[in-house]
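Visitor: Quick one: structure below, then a few questions.
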Amino acid sequence: MTSDREQELQAVTIGEPWRADGPIALADYDPGWPALFEREAERIRAALGDRALLVEHAGSTSVPGLAAKPVIDIVLAVPNSSDEDSYVPNLEAVGYVLRIREPDWHEHRLFKGPDTNINLHVFSQGCEEIDRMLAFRDHLRTNDADRELYERTKRELAAREWEYVQDYADAKTEVVAQIVTRAER
């Protein structure tokens with residue numbers, strides 16, 4: 001029997017949702033993460049040309065000194081993320097795989113990379129979620145107390161048993177919201 005949570009995840013996931021079935025593995029900050037981002041950013045820009053309106057390294061791997069799941073989060077702004085025909089074929093041609101489609105959440109799309117563990121988050125230009133993600137990153141880069149709070153929270157949550165990786169991500173929502181509020185002041 002399928003749970004409501006599983007149905008919810010399956011509704012937006014292409015293929016099977018990412019299962020954790022245990023704790024989440026965090027890694028200490030790796031100074032090689034920015035280079036992995038740069039390589040992917042070049043590949044994305046080459047595939048999309050001027051349709052790649054913004055390509056930014058986001059998430060924990062973009063914050064020096066912060067432990068993270070070793071997954072490079074990238075934010076991509078395109079003219080209209082719901083117009084998949086304008087960018088999905090180009091990204092797929094260079095090996096990216098569309099895995100999540102969330103029309104009800106900022107028309108978000110998520111791709112996995114061809115050879116590096118990434119989450120490529122695609123939004124429409126001007127989407128407020130882009131601003132929120134980048135404000136969060138920039139604040140953590142400059143605010144030691146909030147960076148330490150976030151890492152402590154992540155480590156405590158990562159040690160728990162999780163059925164889905166998304167459940168771990170969702171569990172961080174409250175502390176992320178608190179930090180974003182401070183970042184936007």
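By convention here, the chains of the structure tokens are called A, B, ... in the order presented, each chain's residues are numbered starting at 1, and ligands are numbered starting at 1 in the order presented.
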Within 7 Å of A:Pro70, counting only C-alpha atoms, which residues qualify if same-chain residues fewer than 2 places away don't, as JSON, numbers by chain?

Guide: {"A": [26, 27, 68, 72]}

Visitor: Using DSSP assignments from the backbone, pull out every residue in stretch 78-158 of chain A that falls under helix (DSSP H, G or I) and give it to me as a ChimeraX atom specification.

Guide: /A:84-86,88-93,128-142,144-158

Visitor: Produce a table with one row for each residue of stretch 154-184 of chain A that has an atom at most 10 Å from any atom of stretch 118-142 of chain A, each row naming the nearest atom pair and its distance in Å at one decimal; use only C-alpha atoms; arrange rows by chain and rising residue number; format as a tab-separated table.

Guide:
```
residue	atom	partner	partner_atom	distance
A:Val176	CA	A:Phe136	CA	7.9
A:Ala177	CA	A:Phe136	CA	9.1
A:Ile179	CA	A:Phe136	CA	6.9
A:Val180	CA	A:Phe136	CA	5.4
A:Thr181	CA	A:Phe136	CA	9.0
A:Arg182	CA	A:His139	CA	8.3
A:Ala183	CA	A:His139	CA	5.5
A:Glu184	CA	A:Ala135	CA	6.9
```

Visitor: Among stretch 88-172 of chain A, which ones does DSSP place in strand (DSSP E), written as a PDB file with N, CA, C and O atoms, in the first residue's frame?

Guide:
```
ATOM      1  N   VAL A  97      19.414  14.689 -17.007  1.00  0.00           N
ATOM      2  CA  VAL A  97      18.197  13.884 -16.957  1.00  0.00           C
ATOM      3  C   VAL A  97      17.161  14.611 -16.103  1.00  0.00           C
ATOM      4  O   VAL A  97      17.406  14.887 -14.923  1.00  0.00           O
ATOM      5  N   LEU A  98      16.015  14.919 -16.717  1.00  0.00           N
ATOM      6  CA  LEU A  98      14.916  15.550 -15.980  1.00  0.00           C
ATOM      7  C   LEU A  98      14.338  14.540 -14.999  1.00  0.00           C
ATOM      8  O   LEU A  98      13.931  13.449 -15.387  1.00  0.00           O
ATOM      9  N   ARG A  99      14.318  14.891 -13.705  1.00  0.00           N
ATOM     10  CA  ARG A  99      13.854  13.966 -12.665  1.00  0.00           C
ATOM     11  C   ARG A  99      12.666  14.479 -11.873  1.00  0.00           C
ATOM     12  O   ARG A  99      11.917  13.710 -11.308  1.00  0.00           O
ATOM     13  N   ILE A 100      12.502  15.815 -11.802  1.00  0.00           N
ATOM     14  CA  ILE A 100      11.389  16.374 -11.031  1.00  0.00           C
ATOM     15  C   ILE A 100      10.743  17.495 -11.835  1.00  0.00           C
ATOM     16  O   ILE A 100      11.426  18.341 -12.415  1.00  0.00           O
ATOM     17  N   ARG A 101       9.422  17.482 -11.824  1.00  0.00           N
ATOM     18  CA  ARG A 101       8.622  18.531 -12.467  1.00  0.00           C
ATOM     19  C   ARG A 101       7.590  18.969 -11.437  1.00  0.00           C
ATOM     20  O   ARG A 101       6.731  18.193 -11.041  1.00  0.00           O
ATOM     21  N   GLU A 102       7.706  20.242 -10.988  1.00  0.00           N
ATOM     22  CA  GLU A 102       6.795  20.775  -9.969  1.00  0.00           C
ATOM     23  C   GLU A 102       6.093  22.036 -10.487  1.00  0.00           C
ATOM     24  O   GLU A 102       6.471  23.149 -10.147  1.00  0.00           O
ATOM     25  N   HIS A 108       9.132  24.728 -10.972  1.00  0.00           N
ATOM     26  CA  HIS A 108      10.467  24.163 -10.752  1.00  0.00           C
ATOM     27  C   HIS A 108      10.660  22.877 -11.543  1.00  0.00           C
ATOM     28  O   HIS A 108       9.766  22.039 -11.603  1.00  0.00           O
ATOM     29  N   ARG A 109      11.842  22.743 -12.125  1.00  0.00           N
ATOM     30  CA  ARG A 109      12.286  21.501 -12.753  1.00  0.00           C
ATOM     31  C   ARG A 109      13.632  21.157 -12.128  1.00  0.00           C
ATOM     32  O   ARG A 109      14.411  22.048 -11.788  1.00  0.00           O
ATOM     33  N   LEU A 110      13.923  19.872 -11.982  1.00  0.00           N
ATOM     34  CA  LEU A 110      15.208  19.446 -11.433  1.00  0.00           C
ATOM     35  C   LEU A 110      15.786  18.365 -12.336  1.00  0.00           C
ATOM     36  O   LEU A 110      15.101  17.418 -12.703  1.00  0.00           O
ATOM     37  N   PHE A 111      17.060  18.555 -12.674  1.00  0.00           N
ATOM     38  CA  PHE A 111      17.803  17.605 -13.491  1.00  0.00           C
ATOM     39  C   PHE A 111      18.947  17.027 -12.674  1.00  0.00           C
ATOM     40  O   PHE A 111      19.503  17.698 -11.797  1.00  0.00           O
ATOM     41  N   LYS A 112      19.321  15.811 -12.979  1.00  0.00           N
ATOM     42  CA  LYS A 112      20.544  15.196 -12.462  1.00  0.00           C
ATOM     43  C   LYS A 112      21.584  15.286 -13.567  1.00  0.00           C
ATOM     44  O   LYS A 112      21.251  15.365 -14.755  1.00  0.00           O
ATOM     45  N   ILE A 118      24.792  16.151  -9.154  1.00  0.00           N
ATOM     46  CA  ILE A 118      24.287  17.518  -9.052  1.00  0.00           C
ATOM     47  C   ILE A 118      22.769  17.501  -8.949  1.00  0.00           C
ATOM     48  O   ILE A 118      22.110  16.528  -9.316  1.00  0.00           O
ATOM     49  N   ASN A 119      22.244  18.618  -8.476  1.00  0.00           N
ATOM     50  CA  ASN A 119      20.832  18.951  -8.577  1.00  0.00           C
ATOM     51  C   ASN A 119      20.782  20.265  -9.334  1.00  0.00           C
ATOM     52  O   ASN A 119      21.188  21.304  -8.811  1.00  0.00           O
ATOM     53  N   LEU A 120      20.321  20.219 -10.577  1.00  0.00           N
ATOM     54  CA  LEU A 120      20.174  21.423 -11.390  1.00  0.00           C
ATOM     55  C   LEU A 120      18.735  21.896 -11.260  1.00  0.00           C
ATOM     56  O   LEU A 120      17.811  21.278 -11.785  1.00  0.00           O
ATOM     57  N   HIS A 121      18.550  22.991 -10.506  1.00  0.00           N
ATOM     58  CA  HIS A 121      17.232  23.554 -10.238  1.00  0.00           C
ATOM     59  C   HIS A 121      16.930  24.608 -11.299  1.00  0.00           C
ATOM     60  O   HIS A 121      17.673  25.584 -11.426  1.00  0.00           O
ATOM     61  N   VAL A 122      15.869  24.420 -12.052  1.00  0.00           N
ATOM     62  CA  VAL A 122      15.512  25.347 -13.123  1.00  0.00           C
ATOM     63  C   VAL A 122      14.252  26.110 -12.730  1.00  0.00           C
ATOM     64  O   VAL A 122      13.245  25.518 -12.345  1.00  0.00           O
ATOM     65  N   PHE A 123      14.353  27.438 -12.843  1.00  0.00           N
ATOM     66  CA  PHE A 123      13.248  28.340 -12.563  1.00  0.00           C
ATOM     67  C   PHE A 123      13.151  29.363 -13.689  1.00  0.00           C
ATOM     68  O   PHE A 123      14.118  29.574 -14.424  1.00  0.00           O
ATOM     69  N   SER A 124      12.022  30.040 -13.769  1.00  0.00           N
ATOM     70  CA  SER A 124      11.869  31.147 -14.710  1.00  0.00           C
ATOM     71  C   SER A 124      12.602  32.371 -14.196  1.00  0.00           C
ATOM     72  O   SER A 124      12.678  32.598 -12.975  1.00  0.00           O
ATOM     73  N   TRP A 162      15.731   8.159   7.700  1.00  0.00           N
ATOM     74  CA  TRP A 162      14.812   8.797   6.762  1.00  0.00           C
ATOM     75  C   TRP A 162      14.411   7.791   5.695  1.00  0.00           C
ATOM     76  O   TRP A 162      15.246   7.036   5.201  1.00  0.00           O
ATOM     77  N   GLU A 163      13.141   7.821   5.327  1.00  0.00           N
ATOM     78  CA  GLU A 163      12.688   6.965   4.242  1.00  0.00           C
ATOM     79  C   GLU A 163      13.095   7.563   2.890  1.00  0.00           C
ATOM     80  O   GLU A 163      13.593   6.874   2.012  1.00  0.00           O
ATOM     81  N   TYR A 164      12.889   8.876   2.749  1.00  0.00           N
ATOM     82  CA  TYR A 164      13.215   9.576   1.506  1.00  0.00           C
ATOM     83  C   TYR A 164      14.167  10.725   1.797  1.00  0.00           C
ATOM     84  O   TYR A 164      14.055  11.386   2.831  1.00  0.00           O
TER      85      TYR A 164
END
```

Visitor: Of the residues A:Ile14, A:Val175, A:Leu91, A:Val71, which is the one nearest to A:Leu157, using only C-alpha atoms?

Guide: A:Val175
